[in-house]
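Student: What follows is input.cif, made up of mmCIF, C-alpha atoms:
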```cif
data_model
#
loop_
_atom_site.group_PDB
_atom_site.id
_atom_site.type_symbol
_atom_site.label_atom_id
_atom_site.label_comp_id
_atom_site.auth_asym_id
_atom_site.auth_seq_id
_atom_site.Cartn_x
_atom_site.Cartn_y
_atom_site.Cartn_z
ATOM 1 C CA MET A 1 -23.684 -15.147 -30.155
ATOM 2 C CA PRO A 2 -20.157 -13.703 -30.420
ATOM 3 C CA ARG A 3 -18.980 -12.740 -33.886
ATOM 4 C CA PHE A 4 -15.418 -12.520 -35.147
ATOM 5 C CA ASP A 5 -13.763 -10.779 -38.079
ATOM 6 C CA ASP A 6 -12.148 -13.689 -39.904
ATOM 7 C CA THR A 7 -10.063 -11.312 -42.043
ATOM 8 C CA LYS A 8 -7.911 -10.445 -39.008
ATOM 9 C CA ASP A 9 -5.171 -12.655 -37.639
ATOM 10 C CA PHE A 10 -5.369 -13.694 -33.987
ATOM 11 C CA LEU A 11 -3.328 -11.339 -31.813
ATOM 12 C CA PRO A 12 -2.085 -12.949 -28.576
ATOM 13 C CA VAL A 13 -2.281 -10.752 -25.507
ATOM 14 C CA ARG A 14 0.341 -10.900 -22.743
ATOM 15 C CA ILE A 15 -1.487 -11.476 -19.456
ATOM 16 C CA ALA A 16 -0.246 -11.492 -15.860
ATOM 17 C CA VAL A 17 -2.239 -13.370 -13.205
ATOM 18 C CA LEU A 18 -2.246 -12.300 -9.559
ATOM 19 C CA THR A 19 -3.876 -14.417 -6.872
ATOM 20 C CA VAL A 20 -4.646 -12.611 -3.628
ATOM 21 C CA SER A 21 -4.857 -14.956 -0.663
ATOM 22 C CA ASP A 22 -3.695 -15.102 2.927
ATOM 23 C CA SER A 23 -3.838 -18.896 2.952
ATOM 24 C CA ARG A 24 -3.043 -20.335 -0.488
ATOM 25 C CA GLY A 25 0.236 -21.140 -2.150
ATOM 26 C CA LEU A 26 0.839 -21.852 -5.824
ATOM 27 C CA ASP A 27 0.101 -25.566 -5.352
ATOM 28 C CA GLN A 28 -3.408 -24.797 -3.972
ATOM 29 C CA ASP A 29 -4.248 -21.954 -6.359
ATOM 30 C CA ARG A 30 -7.151 -23.493 -8.306
ATOM 31 C CA SER A 31 -8.538 -20.120 -9.433
ATOM 32 C CA GLY A 32 -5.157 -19.002 -10.740
ATOM 33 C CA ASP A 33 -4.755 -22.371 -12.462
ATOM 34 C CA THR A 34 -8.201 -21.947 -14.036
ATOM 35 C CA LEU A 35 -7.263 -18.546 -15.446
ATOM 36 C CA VAL A 36 -3.871 -19.726 -16.699
ATOM 37 C CA GLY A 37 -5.452 -22.732 -18.406
ATOM 38 C CA ARG A 38 -8.014 -20.571 -20.175
ATOM 39 C CA ILE A 39 -5.464 -17.911 -21.128
ATOM 40 C CA GLU A 40 -3.182 -20.486 -22.725
ATOM 41 C CA ALA A 41 -6.034 -22.446 -24.363
ATOM 42 C CA ALA A 42 -7.177 -19.220 -26.036
ATOM 43 C CA GLY A 43 -3.666 -18.716 -27.464
ATOM 44 C CA HIS A 44 -2.692 -15.804 -25.241
ATOM 45 C CA LEU A 45 0.620 -15.611 -23.382
ATOM 46 C CA LEU A 46 1.082 -15.910 -19.629
ATOM 47 C CA ALA A 47 3.450 -13.006 -18.953
ATOM 48 C CA ASP A 48 3.799 -13.525 -15.195
ATOM 49 C CA ARG A 49 2.059 -15.074 -12.212
ATOM 50 C CA LYS A 50 2.255 -14.271 -8.514
ATOM 51 C CA ILE A 51 0.456 -14.862 -5.236
ATOM 52 C CA LEU A 52 0.257 -12.058 -2.678
ATOM 53 C CA ARG A 53 -1.368 -11.710 0.722
ATOM 54 C CA ASP A 54 -4.354 -9.402 1.202
ATOM 55 C CA GLU A 55 -2.226 -6.298 1.739
ATOM 56 C CA ARG A 56 -3.438 -3.222 -0.147
ATOM 57 C CA VAL A 57 -0.061 -1.532 -0.585
ATOM 58 C CA GLU A 58 1.667 -4.733 -1.757
ATOM 59 C CA ILE A 59 -1.120 -5.491 -4.241
ATOM 60 C CA ALA A 60 -1.102 -1.929 -5.614
ATOM 61 C CA ASP A 61 2.709 -1.958 -5.874
ATOM 62 C CA GLN A 62 2.611 -5.208 -7.876
ATOM 63 C CA LEU A 63 -0.122 -3.881 -10.158
ATOM 64 C CA ARG A 64 1.903 -0.699 -10.787
ATOM 65 C CA ALA A 65 5.051 -2.714 -11.531
ATOM 66 C CA TRP A 66 3.190 -4.835 -14.068
ATOM 67 C CA CYS A 67 1.540 -1.737 -15.604
ATOM 68 C CA ALA A 68 5.033 -0.283 -16.108
ATOM 69 C CA ASP A 69 6.229 -3.465 -17.841
ATOM 70 C CA PRO A 70 5.895 -3.121 -21.637
ATOM 71 C CA GLU A 71 5.688 -6.930 -21.902
ATOM 72 C CA ILE A 72 2.351 -7.026 -20.013
ATOM 73 C CA ASP A 73 -0.893 -5.943 -21.682
ATOM 74 C CA VAL A 74 -3.483 -7.215 -19.196
ATOM 75 C CA ILE A 75 -3.559 -8.062 -15.490
ATOM 76 C CA ILE A 76 -6.188 -10.368 -14.047
ATOM 77 C CA SER A 77 -6.345 -10.772 -10.293
ATOM 78 C CA THR A 78 -8.419 -13.301 -8.403
ATOM 79 C CA GLY A 79 -9.396 -13.091 -4.757
ATOM 80 C CA GLY A 80 -9.842 -10.333 -2.214
ATOM 81 C CA THR A 81 -12.970 -8.854 -3.813
ATOM 82 C CA GLY A 82 -15.405 -9.877 -1.077
ATOM 83 C CA LEU A 83 -16.868 -7.961 1.831
ATOM 84 C CA THR A 84 -14.647 -8.965 4.756
ATOM 85 C CA GLY A 85 -12.133 -6.625 6.365
ATOM 86 C CA ARG A 86 -9.182 -8.392 4.720
ATOM 87 C CA ASP A 87 -10.640 -8.067 1.194
ATOM 88 C CA VAL A 88 -8.706 -5.100 -0.203
ATOM 89 C CA THR A 89 -8.030 -6.072 -3.820
ATOM 90 C CA VAL A 90 -10.677 -3.727 -5.217
ATOM 91 C CA GLU A 91 -9.263 -0.800 -3.249
ATOM 92 C CA ALA A 92 -5.734 -1.654 -4.437
ATOM 93 C CA HIS A 93 -6.923 -1.778 -8.044
ATOM 94 C CA ARG A 94 -8.665 1.578 -7.686
ATOM 95 C CA ASP A 95 -5.456 3.046 -6.224
ATOM 96 C CA VAL A 96 -3.823 2.211 -9.567
ATOM 97 C CA TYR A 97 -6.560 2.913 -12.142
ATOM 98 C CA GLU A 98 -6.389 5.962 -14.336
ATOM 99 C CA LYS A 99 -9.880 5.113 -15.563
ATOM 100 C CA GLU A 100 -12.345 2.571 -14.226
ATOM 101 C CA ILE A 101 -14.282 0.355 -16.634
ATOM 102 C CA GLU A 102 -17.520 0.620 -14.684
ATOM 103 C CA ALA A 103 -19.512 -1.593 -17.041
ATOM 104 C CA PHE A 104 -17.204 -4.555 -16.384
ATOM 105 C CA GLY A 105 -18.527 -4.957 -12.841
ATOM 106 C CA THR A 106 -22.092 -4.545 -14.093
ATOM 107 C CA VAL A 107 -21.719 -7.150 -16.832
ATOM 108 C CA PHE A 108 -19.981 -9.509 -14.404
ATOM 109 C CA THR A 109 -22.917 -9.113 -12.003
ATOM 110 C CA ILE A 110 -25.370 -9.960 -14.790
ATOM 111 C CA VAL A 111 -23.359 -13.071 -15.702
ATOM 112 C CA SER A 112 -23.161 -14.042 -12.020
ATOM 113 C CA MET A 113 -26.900 -13.552 -11.482
ATOM 114 C CA ASN A 114 -27.523 -16.250 -14.076
ATOM 115 C CA LYS A 115 -25.286 -18.653 -12.132
ATOM 116 C CA ILE A 116 -25.693 -17.809 -8.426
ATOM 117 C CA GLY A 117 -28.794 -15.636 -8.244
ATOM 118 C CA THR A 118 -28.908 -12.707 -5.871
ATOM 119 C CA SER A 119 -25.661 -13.788 -4.184
ATOM 120 C CA ALA A 120 -24.060 -11.901 -7.085
ATOM 121 C CA VAL A 121 -24.536 -8.695 -5.085
ATOM 122 C CA GLN A 122 -21.667 -9.839 -2.853
ATOM 123 C CA SER A 123 -19.127 -9.499 -5.676
ATOM 124 C CA ARG A 124 -17.093 -6.372 -6.176
ATOM 125 C CA ALA A 125 -15.473 -7.406 -9.464
ATOM 126 C CA THR A 126 -13.937 -4.396 -11.174
ATOM 127 C CA GLY A 127 -11.941 -3.393 -14.214
ATOM 128 C CA GLY A 128 -9.815 -0.428 -15.163
ATOM 129 C CA VAL A 129 -6.949 0.934 -17.211
ATOM 130 C CA ALA A 130 -3.576 2.283 -16.095
ATOM 131 C CA ASN A 131 -0.573 3.128 -18.253
ATOM 132 C CA GLY A 132 -2.151 1.408 -21.256
ATOM 133 C CA THR A 133 -2.649 -1.837 -19.311
ATOM 134 C CA TYR A 134 -6.068 -3.339 -18.667
ATOM 135 C CA LEU A 135 -6.714 -4.620 -15.136
ATOM 136 C CA PHE A 136 -9.511 -6.885 -13.919
ATOM 137 C CA ALA A 137 -10.205 -7.963 -10.330
ATOM 138 C CA LEU A 138 -12.236 -11.174 -10.090
ATOM 139 C CA PRO A 139 -13.560 -13.043 -7.071
ATOM 140 C CA GLY A 140 -11.467 -15.928 -5.780
ATOM 141 C CA SER A 141 -13.811 -18.758 -6.678
ATOM 142 C CA THR A 142 -12.983 -20.934 -9.659
ATOM 143 C CA GLY A 143 -16.579 -20.555 -10.830
ATOM 144 C CA ALA A 144 -16.290 -16.769 -10.892
ATOM 145 C CA CYS A 145 -13.003 -16.977 -12.806
ATOM 146 C CA LYS A 146 -14.554 -19.362 -15.336
ATOM 147 C CA ASP A 147 -17.603 -17.124 -15.745
ATOM 148 C CA ALA A 148 -15.565 -13.927 -16.162
ATOM 149 C CA TRP A 149 -13.259 -15.533 -18.730
ATOM 150 C CA ASP A 150 -15.838 -17.597 -20.611
ATOM 151 C CA GLU A 151 -18.549 -14.932 -20.765
ATOM 152 C CA ILE A 152 -16.588 -11.655 -20.977
ATOM 153 C CA LEU A 153 -12.795 -11.628 -21.143
ATOM 154 C CA GLN A 154 -12.181 -14.255 -23.828
ATOM 155 C CA TYR A 155 -14.170 -12.088 -26.224
ATOM 156 C CA GLN A 156 -13.031 -8.668 -25.104
ATOM 157 C CA LEU A 157 -9.370 -9.709 -25.265
ATOM 158 C CA ASP A 158 -9.667 -11.133 -28.779
ATOM 159 C CA TYR A 159 -8.803 -8.534 -31.416
ATOM 160 C CA ARG A 160 -11.136 -10.199 -33.918
ATOM 161 C CA HIS A 161 -14.266 -9.855 -31.739
ATOM 162 C CA LEU A 162 -17.050 -7.720 -33.187
ATOM 163 C CA PRO A 163 -18.331 -5.092 -32.835
ATOM 164 C CA CYS A 164 -15.395 -4.019 -30.648
ATOM 165 C CA ASN A 165 -13.089 -5.203 -27.893
ATOM 166 C CA PHE A 166 -10.530 -3.938 -25.393
ATOM 167 C CA VAL A 167 -7.601 -4.971 -27.579
ATOM 168 C CA GLU A 168 -8.844 -2.789 -30.417
ATOM 169 C CA ILE A 169 -8.364 0.261 -28.207
ATOM 170 C CA PHE A 170 -5.080 -0.823 -26.602
ATOM 171 C CA PRO A 171 -2.632 2.064 -26.687
ATOM 172 C CA ARG A 172 0.066 -0.548 -27.354
ATOM 173 C CA LEU A 173 -1.786 -2.263 -30.218
ATOM 174 C CA ASP A 174 -0.347 -0.079 -32.980
ATOM 175 C CA GLU A 175 3.173 -0.794 -31.689
ATOM 176 C CA HIS A 176 2.428 -4.533 -31.502
ATOM 177 C CA LEU A 177 1.061 -4.620 -35.048
ATOM 178 C CA ARG A 178 4.063 -2.674 -36.340
ATOM 179 C CA ARG A 179 6.392 -5.349 -34.874
ATOM 180 C CA LYS A 180 4.647 -8.102 -36.857
#
```
Translate the structure of the given file into structure tokens.
Tutor:
Amino acid sequence: MPRFDDTKDFLPVRIAVLTVSDSRGLDQDRSGDTLVGRIEAAGHLLADRKILRDERVEIADQLRAWCADPEIDVIISTGGTGLTGRDVTVEAHRDVYEKEIEAFGTVFTIVSMNKIGTSAVQSRATGGVANGTYLFALPGSTGACKDAWDEILQYQLDYRHLPCNFVEIFPRLDEHLRRK
């Protein structure tokens, strides 16, 4: 059962959402819509949203641009994490990471096992940090996006979550709290 420190005020995080798809546009982006809905319902801020084709260099360039933007704290991508030849989101993320959050993929696999059984081995969900920005690559299914948000990210991106969370170790957190 998640616990929160009620003595702390909620701290909204600025999150960019990237959908990677060769076939979907914004009007068909159910996974992106799922993430945006959950981000906003939690009280966080949607900083930007884009859809890109499965092109490693373009994905990595967009991730780097967002990591350089001081108005973006977190990037969540959906799609392109599978096993086909066109699935290059994980490689693009790893091109950008300064440090990989290896346990994110492990925890996501555990969550997925409870929902889809051994098919969870087909996911290559990953997380990392670059330039003080947290990045997460999720599968393209709405179910995977719901599971990642509901079971992991909503807690780890909430400053009040105990015993600790990603936001607590944000390099930008001190600056954000000083602006309050």
Student: Got a sec: who's within 8 Å of stretch 50-62 of chain A, counting only C-alpha atoms, leaving out chain neighbours fewer than 6 positions off, as a list in words?
Tutor: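 Close residues of stretch 50-62 of chain A: Val17, Leu18, Thr19, Val20, Ser21, Asp22, Ser23, Gly25, Leu26, Gly80, Arg86, Asp87, Val88, Thr89, Glu91, Ala92, His93, Asp95 and Val96 of chain A.
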Student: Using the chain letters and numbers from this file, what does the PyMOL selection byres ((chain A and resi 100-114) around 8) select? Give the answer as a ChimeraX atom specification.
Tutor: /A:94,97-99,115-121,123-129,144,147-148,151-152
Student: Name the closest residue to A:Ala137 among the candidates A:Leu11, A:Leu45, A:Ala16, A:Leu162; distances are taken between atoms, counting only C-alpha atoms.
Tutor: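 Ranking A:Leu11, A:Leu45, A:Ala16, A:Leu162 by distance to A:Ala137, first place goes to A:Ala16.
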Student: Could you check how far atom CA of A:Val13 sits from atom CA of A:His44, in Å to one decimal?
Tutor: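 About the pair atom CA of A:Val13 and atom CA of A:His44: they are 5.1 Å apart.
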Student: Restricting the calculation to all atoms listed in the file: of A:Ala130, A:Leu83, A:Ile76, A:Leu135, which residue gets closest to A:Ser31?
Tutor: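 Of all the options, A:Ile76 lies closest to A:Ser31.
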Student: To one decimal place, how far is atom CA of A:Ala41 from atom CA of A:Arg64 in Å?
Tutor: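 Atom CA of A:Ala41 sits 26.8 Å away from atom CA of A:Arg64.
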Student: One decimal, in Å: what's the spacing between atom CA of A:Phe4 and atom CA of A:Tyr134?
Tutor: 21.1 Å
Student: For stretch 66-83 of chain A, where the input has fewer atoms than it should, I would like N, CA and C atoms rebuilt and written as a PDB file, in the frame of the given file.
Tutor:
```
ATOM      1  N   TRP A  66       3.616  -4.172 -12.839  1.00  0.00           N
ATOM      2  CA  TRP A  66       3.190  -4.835 -14.068  1.00  0.00           C
ATOM      3  C   TRP A  66       2.697  -3.829 -15.103  1.00  0.00           C
ATOM      4  N   CYS A  67       2.009  -2.771 -14.659  1.00  0.00           N
ATOM      5  CA  CYS A  67       1.540  -1.737 -15.604  1.00  0.00           C
ATOM      6  C   CYS A  67       2.723  -1.017 -16.262  1.00  0.00           C
ATOM      7  N   ALA A  68       3.833  -0.937 -15.571  1.00  0.00           N
ATOM      8  CA  ALA A  68       5.033  -0.283 -16.108  1.00  0.00           C
ATOM      9  C   ALA A  68       5.819  -1.203 -17.046  1.00  0.00           C
ATOM     10  N   ASP A  69       5.506  -2.490 -17.032  1.00  0.00           N
ATOM     11  CA  ASP A  69       6.229  -3.465 -17.841  1.00  0.00           C
ATOM     12  C   ASP A  69       5.647  -3.491 -19.252  1.00  0.00           C
ATOM     13  N   PRO A  70       6.428  -3.128 -20.274  1.00  0.00           N
ATOM     14  CA  PRO A  70       5.895  -3.121 -21.637  1.00  0.00           C
ATOM     15  C   PRO A  70       5.571  -4.510 -22.174  1.00  0.00           C
ATOM     16  N   GLU A  71       5.975  -5.563 -21.470  1.00  0.00           N
ATOM     17  CA  GLU A  71       5.688  -6.930 -21.902  1.00  0.00           C
ATOM     18  C   GLU A  71       4.391  -7.472 -21.300  1.00  0.00           C
ATOM     19  N   ILE A  72       3.633  -6.614 -20.599  1.00  0.00           N
ATOM     20  CA  ILE A  72       2.351  -7.026 -20.013  1.00  0.00           C
ATOM     21  C   ILE A  72       1.264  -6.096 -20.529  1.00  0.00           C
ATOM     22  N   ASP A  73       0.232  -6.697 -21.136  1.00  0.00           N
ATOM     23  CA  ASP A  73      -0.893  -5.943 -21.682  1.00  0.00           C
ATOM     24  C   ASP A  73      -2.094  -5.928 -20.754  1.00  0.00           C
ATOM     25  N   VAL A  74      -2.293  -7.025 -20.020  1.00  0.00           N
ATOM     26  CA  VAL A  74      -3.483  -7.215 -19.196  1.00  0.00           C
ATOM     27  C   VAL A  74      -3.076  -7.854 -17.880  1.00  0.00           C
ATOM     28  N   ILE A  75      -3.748  -7.449 -16.809  1.00  0.00           N
ATOM     29  CA  ILE A  75      -3.559  -8.062 -15.490  1.00  0.00           C
ATOM     30  C   ILE A  75      -4.920  -8.553 -15.027  1.00  0.00           C
ATOM     31  N   ILE A  76      -4.968  -9.818 -14.621  1.00  0.00           N
ATOM     32  CA  ILE A  76      -6.188 -10.368 -14.047  1.00  0.00           C
ATOM     33  C   ILE A  76      -5.846 -10.840 -12.644  1.00  0.00           C
ATOM     34  N   SER A  77      -6.535 -10.296 -11.659  1.00  0.00           N
ATOM     35  CA  SER A  77      -6.345 -10.772 -10.293  1.00  0.00           C
ATOM     36  C   SER A  77      -7.561 -11.575  -9.874  1.00  0.00           C
ATOM     37  N   THR A  78      -7.346 -12.489  -8.954  1.00  0.00           N
ATOM     38  CA  THR A  78      -8.419 -13.301  -8.403  1.00  0.00           C
ATOM     39  C   THR A  78      -8.285 -13.325  -6.891  1.00  0.00           C
ATOM     40  N   GLY A  79      -9.388 -13.084  -6.212  1.00  0.00           N
ATOM     41  CA  GLY A  79      -9.396 -13.091  -4.757  1.00  0.00           C
ATOM     42  C   GLY A  79      -9.367 -11.689  -4.168  1.00  0.00           C
ATOM     43  N   GLY A  80      -9.875 -11.595  -2.947  1.00  0.00           N
ATOM     44  CA  GLY A  80      -9.842 -10.333  -2.214  1.00  0.00           C
ATOM     45  C   GLY A  80     -10.876  -9.314  -2.654  1.00  0.00           C
ATOM     46  N   THR A  81     -11.939  -9.785  -3.343  1.00  0.00           N
ATOM     47  CA  THR A  81     -12.970  -8.854  -3.813  1.00  0.00           C
ATOM     48  C   THR A  81     -14.235  -8.924  -2.969  1.00  0.00           C
ATOM     49  N   GLY A  82     -14.206  -9.684  -1.899  1.00  0.00           N
ATOM     50  CA  GLY A  82     -15.405  -9.877  -1.077  1.00  0.00           C
ATOM     51  C   GLY A  82     -15.661  -8.713  -0.136  1.00  0.00           C
ATOM     52  N   LEU A  83     -16.397  -8.999   0.924  1.00  0.00           N
ATOM     53  CA  LEU A  83     -16.868  -7.961   1.831  1.00  0.00           C
ATOM     54  C   LEU A  83     -16.222  -7.992   3.212  1.00  0.00           C
TER      55      LEU A  83
END
```
